[in-house]
Each structure stands twice: as structure tokens, then as C-alpha cells.
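Dropping entry_38.json in here (JSON, C-alpha atoms):
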```json
[["chain", "number", "residue", "atom", "x", "y", "z"],
["I", 1, "MET", "CA", 32.33, 175.39, 310.61],
["I", 2, "ASP", "CA", 34.60, 177.90, 312.25],
["I", 3, "ALA", "CA", 35.05, 177.71, 316.04],
["I", 4, "GLY", "CA", 34.78, 181.50, 316.30],
["I", 5, "ASN", "CA", 31.74, 181.54, 314.02],
["I", 6, "PRO", "CA", 29.44, 178.57, 314.76],
["I", 7, "THR", "CA", 26.90, 179.53, 312.08],
["I", 8, "GLY", "CA", 29.41, 178.67, 309.37],
["I", 9, "GLY", "CA", 29.14, 181.59, 306.90],
["I", 10, "PRO", "CA", 31.91, 184.20, 306.75],
["I", 11, "GLY", "CA", 29.43, 187.08, 306.97],
["I", 12, "VAL", "CA", 27.06, 185.65, 309.56],
["I", 13, "ALA", "CA", 27.78, 186.26, 313.23],
["I", 14, "ALA", "CA", 26.53, 184.14, 316.07],
["I", 15, "ALA", "CA", 23.18, 185.22, 317.51],
["I", 16, "GLY", "CA", 23.53, 188.55, 319.31],
["I", 17, "ARG", "CA", 27.20, 188.95, 318.36],
["I", 18, "LEU", "CA", 28.26, 192.01, 316.36],
["I", 19, "GLN", "CA", 30.75, 191.75, 313.54],
["I", 20, "VAL", "CA", 32.87, 194.40, 311.81],
["I", 21, "TYR", "CA", 32.19, 194.92, 308.10],
["I", 22, "GLU", "CA", 34.59, 196.95, 305.97],
["I", 23, "VAL", "CA", 32.93, 199.29, 303.46],
["I", 24, "PHE", "CA", 34.46, 200.26, 300.12],
["I", 25, "ARG", "CA", 32.86, 202.88, 297.90],
["I", 26, "GLN", "CA", 33.07, 204.12, 294.34],
["I", 27, "GLU", "CA", 32.37, 207.83, 293.83],
["I", 28, "ARG", "CA", 31.55, 207.62, 290.11],
["I", 29, "ASP", "CA", 31.51, 204.98, 287.38],
["I", 30, "GLY", "CA", 35.03, 204.07, 286.33],
["I", 31, "ALA", "CA", 36.61, 205.42, 289.52],
["I", 32, "PRO", "CA", 38.53, 203.03, 291.76],
["I", 33, "MET", "CA", 36.96, 201.51, 294.84],
["I", 34, "GLN", "CA", 38.21, 203.21, 298.00],
["I", 35, "HIS", "CA", 38.01, 202.17, 301.62],
["I", 36, "ALA", "CA", 35.30, 204.31, 303.20],
["I", 37, "GLY", "CA", 35.27, 202.92, 306.72],
["I", 38, "ASN", "CA", 33.53, 200.16, 308.61],
["I", 39, "VAL", "CA", 30.23, 199.36, 310.27],
["I", 40, "LEU", "CA", 29.35, 197.12, 313.19],
["I", 41, "ALA", "CA", 26.36, 194.85, 312.56],
["I", 42, "PRO", "CA", 25.00, 191.45, 313.61],
["I", 43, "ASP", "CA", 24.44, 190.22, 310.03],
["I", 44, "PRO", "CA", 25.25, 191.08, 306.38],
["I", 45, "GLU", "CA", 21.78, 192.43, 305.66],
["I", 46, "LEU", "CA", 21.92, 194.98, 308.45],
["I", 47, "ALA", "CA", 25.54, 195.81, 307.53],
["I", 48, "SER", "CA", 24.37, 196.62, 303.99],
["I", 49, "HIS", "CA", 21.62, 198.81, 305.39],
["I", 50, "TYR", "CA", 24.05, 200.67, 307.68],
["I", 51, "ALA", "CA", 26.60, 201.10, 304.87],
["I", 52, "ARG", "CA", 23.95, 202.45, 302.52],
["I", 53, "GLU", "CA", 22.80, 204.87, 305.21],
["I", 54, "PHE", "CA", 26.30, 206.09, 306.16],
["I", 55, "TYR", "CA", 28.03, 206.12, 302.76],
["I", 56, "GLY", "CA", 25.28, 206.35, 300.15],
["I", 57, "ARG", "CA", 22.40, 208.50, 301.33],
["I", 58, "ARG", "CA", 23.82, 211.74, 299.93],
["I", 59, "GLN", "CA", 24.50, 210.13, 296.54],
["I", 60, "GLU", "CA", 28.25, 210.43, 297.14],
["I", 61, "SER", "CA", 28.70, 206.80, 296.04],
["I", 62, "VAL", "CA", 27.54, 204.86, 292.99],
["I", 63, "ARG", "CA", 28.65, 201.47, 294.33],
["I", 64, "LEU", "CA", 29.38, 199.97, 297.74],
["I", 65, "TRP", "CA", 31.20, 196.80, 298.71],
["I", 66, "ILE", "CA", 30.42, 195.51, 302.20],
["I", 67, "VAL", "CA", 32.86, 192.81, 303.28],
["I", 68, "PRO", "CA", 33.16, 191.04, 306.65],
["I", 69, "ARG", "CA", 36.54, 191.91, 308.11],
["I", 70, "ALA", "CA", 37.12, 188.20, 308.77],
["I", 71, "ALA", "CA", 36.85, 187.50, 305.01],
["I", 72, "ILE", "CA", 39.69, 189.89, 304.09],
["I", 73, "ARG", "CA", 42.98, 188.10, 303.49],
["I", 74, "ASP", "CA", 46.33, 189.74, 304.16],
["I", 75, "LEU", "CA", 48.85, 188.87, 301.45],
["I", 76, "ALA", "CA", 52.21, 190.15, 302.65],
["I", 77, "ASP", "CA", 54.54, 187.36, 301.47],
["I", 78, "PRO", "CA", 57.08, 189.04, 299.13],
["I", 79, "ASP", "CA", 57.56, 185.79, 297.19],
["I", 80, "LEU", "CA", 53.87, 185.74, 296.27],
["I", 81, "LEU", "CA", 53.84, 189.39, 295.26],
["I", 82, "GLN", "CA", 56.83, 189.14, 292.91],
["I", 83, "PRO", "CA", 56.09, 187.97, 289.36],
["I", 84, "PRO", "CA", 57.55, 184.54, 288.58],
["I", 85, "LEU", "CA", 58.99, 185.62, 285.25],
["I", 86, "ASP", "CA", 61.62, 188.22, 284.47],
["I", 87, "ARG", "CA", 59.71, 191.19, 283.08],
["I", 88, "SER", "CA", 62.61, 193.61, 283.03],
["I", 89, "PHE", "CA", 62.05, 194.11, 279.30],
["I", 90, "LYS", "CA", 58.93, 196.11, 280.20],
["I", 91, "LYS", "CA", 60.90, 198.72, 282.14],
["I", 92, "PRO", "CA", 61.92, 201.73, 280.06],
["I", 93, "VAL", "CA", 65.70, 201.99, 280.19],
["I", 94, "GLY", "CA", 66.38, 204.00, 277.05],
["I", 95, "TYR", "CA", 68.26, 203.03, 273.92],
["I", 96, "SER", "CA", 70.50, 199.97, 273.83],
["I", 97, "ALA", "CA", 74.26, 200.43, 273.41],
["I", 98, "GLU", "CA", 74.01, 199.33, 269.75],
["I", 99, "ILE", "CA", 71.38, 201.96, 268.93],
["I", 100, "LYS", "CA", 73.35, 204.65, 270.78],
["I", 101, "ARG", "CA", 76.45, 203.71, 268.74],
["I", 102, "LYS", "CA", 74.49, 203.92, 265.47],
["I", 103, "LEU", "CA", 72.98, 207.30, 266.44],
["I", 104, "ALA", "CA", 76.41, 208.69, 267.35],
["I", 105, "ALA", "CA", 77.85, 207.45, 264.04],
["I", 106, "ALA", "CA", 74.97, 209.01, 262.10],
["I", 107, "ARG", "CA", 75.41, 212.34, 263.92],
["I", 108, "GLU", "CA", 79.10, 212.26, 263.17],
["I", 109, "ARG", "CA", 78.52, 211.51, 259.46],
["I", 110, "LEU", "CA", 75.99, 214.33, 259.16],
["I", 111, "GLY", "CA", 77.87, 216.76, 261.39],
["I", 112, "VAL", "CA", 74.70, 217.26, 263.43],
["I", 113, "ASP", "CA", 74.60, 218.86, 266.87],
["I", 114, "SER", "CA", 72.67, 216.58, 269.22],
["I", 115, "GLY", "CA", 71.45, 219.61, 271.20],
["I", 116, "ASN", "CA", 69.39, 220.91, 268.28],
["I", 117, "PRO", "CA", 66.01, 219.09, 268.15],
["I", 118, "GLY", "CA", 65.47, 220.00, 264.49],
["I", 119, "ASP", "CA", 68.56, 218.01, 263.54],
["I", 120, "GLU", "CA", 67.24, 214.85, 265.18],
["I", 121, "ASP", "CA", 64.93, 214.09, 262.22],
["I", 122, "GLN", "CA", 67.94, 213.96, 259.91],
["I", 123, "VAL", "CA", 69.72, 211.61, 262.30],
["I", 124, "VAL", "CA", 66.74, 209.28, 262.60],
["I", 125, "ALA", "CA", 66.41, 209.17, 258.81],
["I", 126, "ALA", "CA", 70.13, 208.41, 258.44],
["I", 127, "VAL", "CA", 69.95, 205.64, 261.02],
["I", 128, "ARG", "CA", 66.96, 204.13, 259.23],
["I", 129, "GLU", "CA", 68.97, 204.16, 256.01],
["I", 130, "GLY", "CA", 71.85, 202.46, 257.79],
["I", 131, "VAL", "CA", 69.57, 199.82, 259.26],
["I", 132, "GLU", "CA", 67.93, 199.12, 255.90],
["I", 133, "GLN", "CA", 71.31, 198.83, 254.16],
["I", 134, "GLY", "CA", 72.69, 196.36, 256.64]]
```
Can the structure in the file be given as C-alpha cells, please?
Amino acid sequence: MDAGNPTGGPGVAAAGRLQVYEVFRQERDGAPMQHAGNVLAPDPELASHYAREFYGRRQESVRLWIVPRAAIRDLADPDLLQPPLDRSFKKPVGYSAEIKRKLAAARERLGVDSGNPGDEDQVVAAVREGVEQG
């Protein structure tokens, strides 16, 4: 049991004590959940009723999440938010130096102007040939 909440449950307030519930809503299926606001209620059942009344009566929401504010965890530790593995390979950085060298050599062999997009197909074909040959 929690000293601040003698009833034990995260969404149940002590008798006569109001608790803040955060409300998240979804406007349409597939849309992200967005914070809509909060309601003040003595228990989860009444909080659901209030949330439905405030954020769902005009059919502006297809789904509601009603969460006791005390149950929301703040995760601000940068070490926990950084991935443990190096995923730099997923960041687009362009062609590697080796590919750039091969493209430049192919352009030079073909006498192609790199500013002309129509010539790029010839360069790509020549580089493929070079890669296949060795």
C-alpha cells in the first residue's frame, strides 16, 4: 500500500479525495493518441464518465485512455533513452567513398556530364558492369 493512497490501487483515491486523471484521445482509427486534458474525480469509474462526457459526446473521439496522473512515469534519463547498440548504419549518409570513386571513374570513361540526369542511367549501367567484372 502507498502512504499517499491507503486503498492500494493506483487509480483509487481515498474516500472523499479527488484525484487527477489524464485523458488521451484518438480522433479516428489509425490516428495517434493525443493528450486531450485531464479530469478531477474520486474514482476511475467517475473519471471515465467525465472523460466520455467532456471528450467523446460530440463523436470527436473514437477511443479514450483515462490514466491516473500518479500512474504516469517520467522517463528522462538520457542513458535509458539511447539505444544500447550502434545503429548509425540506419542513418542515410549517401554513397560511400568507394562507390563515389567508382561513379567518378565511370563518368570519366563515358565522358558523361554529372549535371545531366539522362546520363546517369549510362553511368549506373557502367558501374554495374564494373562491379560484375571485378
* CA of Arg58 (chain I) to CA of Pro42 (chain I), straight-line distance in Å ->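 Spanning CA of Pro42 (chain I) to CA of Arg58 (chain I) is a straight-line distance of 24.5 Å.
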* Atomic distance CA of Ala70 (chain I) - CA of Gln34 (chain I), expressed in Å with one decimal ->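 These two atoms are separated by 18.5 Å.
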Selection: 9 Å around Met33 (chain I), only C-alpha atoms, excl. self and same-chain fewer than 2 positions, as a PDB file with C-alpha atoms, in the frame of the given file:
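So the final result, stored in out-v8.pdb, reads:
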```pdb
ATOM      1  CA  PHE I  24      34.460 200.260 300.120  1.00  0.00           C
ATOM      2  CA  ARG I  25      32.860 202.880 297.900  1.00  0.00           C
ATOM      3  CA  GLN I  26      33.070 204.120 294.340  1.00  0.00           C
ATOM      4  CA  GLU I  27      32.370 207.830 293.830  1.00  0.00           C
ATOM      5  CA  ALA I  31      36.610 205.420 289.520  1.00  0.00           C
ATOM      6  CA  HIS I  35      38.010 202.170 301.620  1.00  0.00           C
ATOM      7  CA  ALA I  36      35.300 204.310 303.200  1.00  0.00           C
ATOM      8  CA  ARG I  63      28.650 201.470 294.330  1.00  0.00           C
ATOM      9  CA  LEU I  64      29.380 199.970 297.740  1.00  0.00           C
ATOM     10  CA  TRP I  65      31.200 196.800 298.710  1.00  0.00           C
TER      11      TRP I  65
END
```
* Mind giving me the straight-line distance from CA of Arg57 (chain I) to CA of Arg69 (chain I) in Å, one decimal? =>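 Separating CA of Arg57 (chain I) from CA of Arg69 (chain I) is a distance of 22.8 Å.
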* Asked: If I put a ball of radius 12 Å at (24.3, 201.8, 304.7) in the file's coordinates, which residues poke into it when counting all atoms listed in the file, written as a PyMOL selection string?
  -> chain I and resi 21-25+36-41+44-59+61+63-66
Saved selection, atoms kept: C-alpha atoms, as a PDB file, in the frame of the given file:
```pdb
ATOM      1  CA  TYR I  21      32.190 194.920 308.100  1.00  0.00           C
ATOM      2  CA  GLU I  22      34.590 196.950 305.970  1.00  0.00           C
ATOM      3  CA  VAL I  23      32.930 199.290 303.460  1.00  0.00           C
ATOM      4  CA  PHE I  24      34.460 200.260 300.120  1.00  0.00           C
ATOM      5  CA  ARG I  25      32.860 202.880 297.900  1.00  0.00           C
ATOM      6  CA  ALA I  36      35.300 204.310 303.200  1.00  0.00           C
ATOM      7  CA  GLY I  37      35.270 202.920 306.720  1.00  0.00           C
ATOM      8  CA  ASN I  38      33.530 200.160 308.610  1.00  0.00           C
ATOM      9  CA  VAL I  39      30.230 199.360 310.270  1.00  0.00           C
ATOM     10  CA  LEU I  40      29.350 197.120 313.190  1.00  0.00           C
ATOM     11  CA  ALA I  41      26.360 194.850 312.560  1.00  0.00           C
ATOM     12  CA  PRO I  44      25.250 191.080 306.380  1.00  0.00           C
ATOM     13  CA  GLU I  45      21.780 192.430 305.660  1.00  0.00           C
ATOM     14  CA  LEU I  46      21.920 194.980 308.450  1.00  0.00           C
ATOM     15  CA  ALA I  47      25.540 195.810 307.530  1.00  0.00           C
ATOM     16  CA  SER I  48      24.370 196.620 303.990  1.00  0.00           C
ATOM     17  CA  HIS I  49      21.620 198.810 305.390  1.00  0.00           C
ATOM     18  CA  TYR I  50      24.050 200.670 307.680  1.00  0.00           C
ATOM     19  CA  ALA I  51      26.600 201.100 304.870  1.00  0.00           C
ATOM     20  CA  ARG I  52      23.950 202.450 302.520  1.00  0.00           C
ATOM     21  CA  GLU I  53      22.800 204.870 305.210  1.00  0.00           C
ATOM     22  CA  PHE I  54      26.300 206.090 306.160  1.00  0.00           C
ATOM     23  CA  TYR I  55      28.030 206.120 302.760  1.00  0.00           C
ATOM     24  CA  GLY I  56      25.280 206.350 300.150  1.00  0.00           C
ATOM     25  CA  ARG I  57      22.400 208.500 301.330  1.00  0.00           C
ATOM     26  CA  ARG I  58      23.820 211.740 299.930  1.00  0.00           C
ATOM     27  CA  GLN I  59      24.500 210.130 296.540  1.00  0.00           C
ATOM     28  CA  SER I  61      28.700 206.800 296.040  1.00  0.00           C
ATOM     29  CA  ARG I  63      28.650 201.470 294.330  1.00  0.00           C
ATOM     30  CA  LEU I  64      29.380 199.970 297.740  1.00  0.00           C
ATOM     31  CA  TRP I  65      31.200 196.800 298.710  1.00  0.00           C
ATOM     32  CA  ILE I  66      30.420 195.510 302.200  1.00  0.00           C
TER      33      ILE I  66
END
```
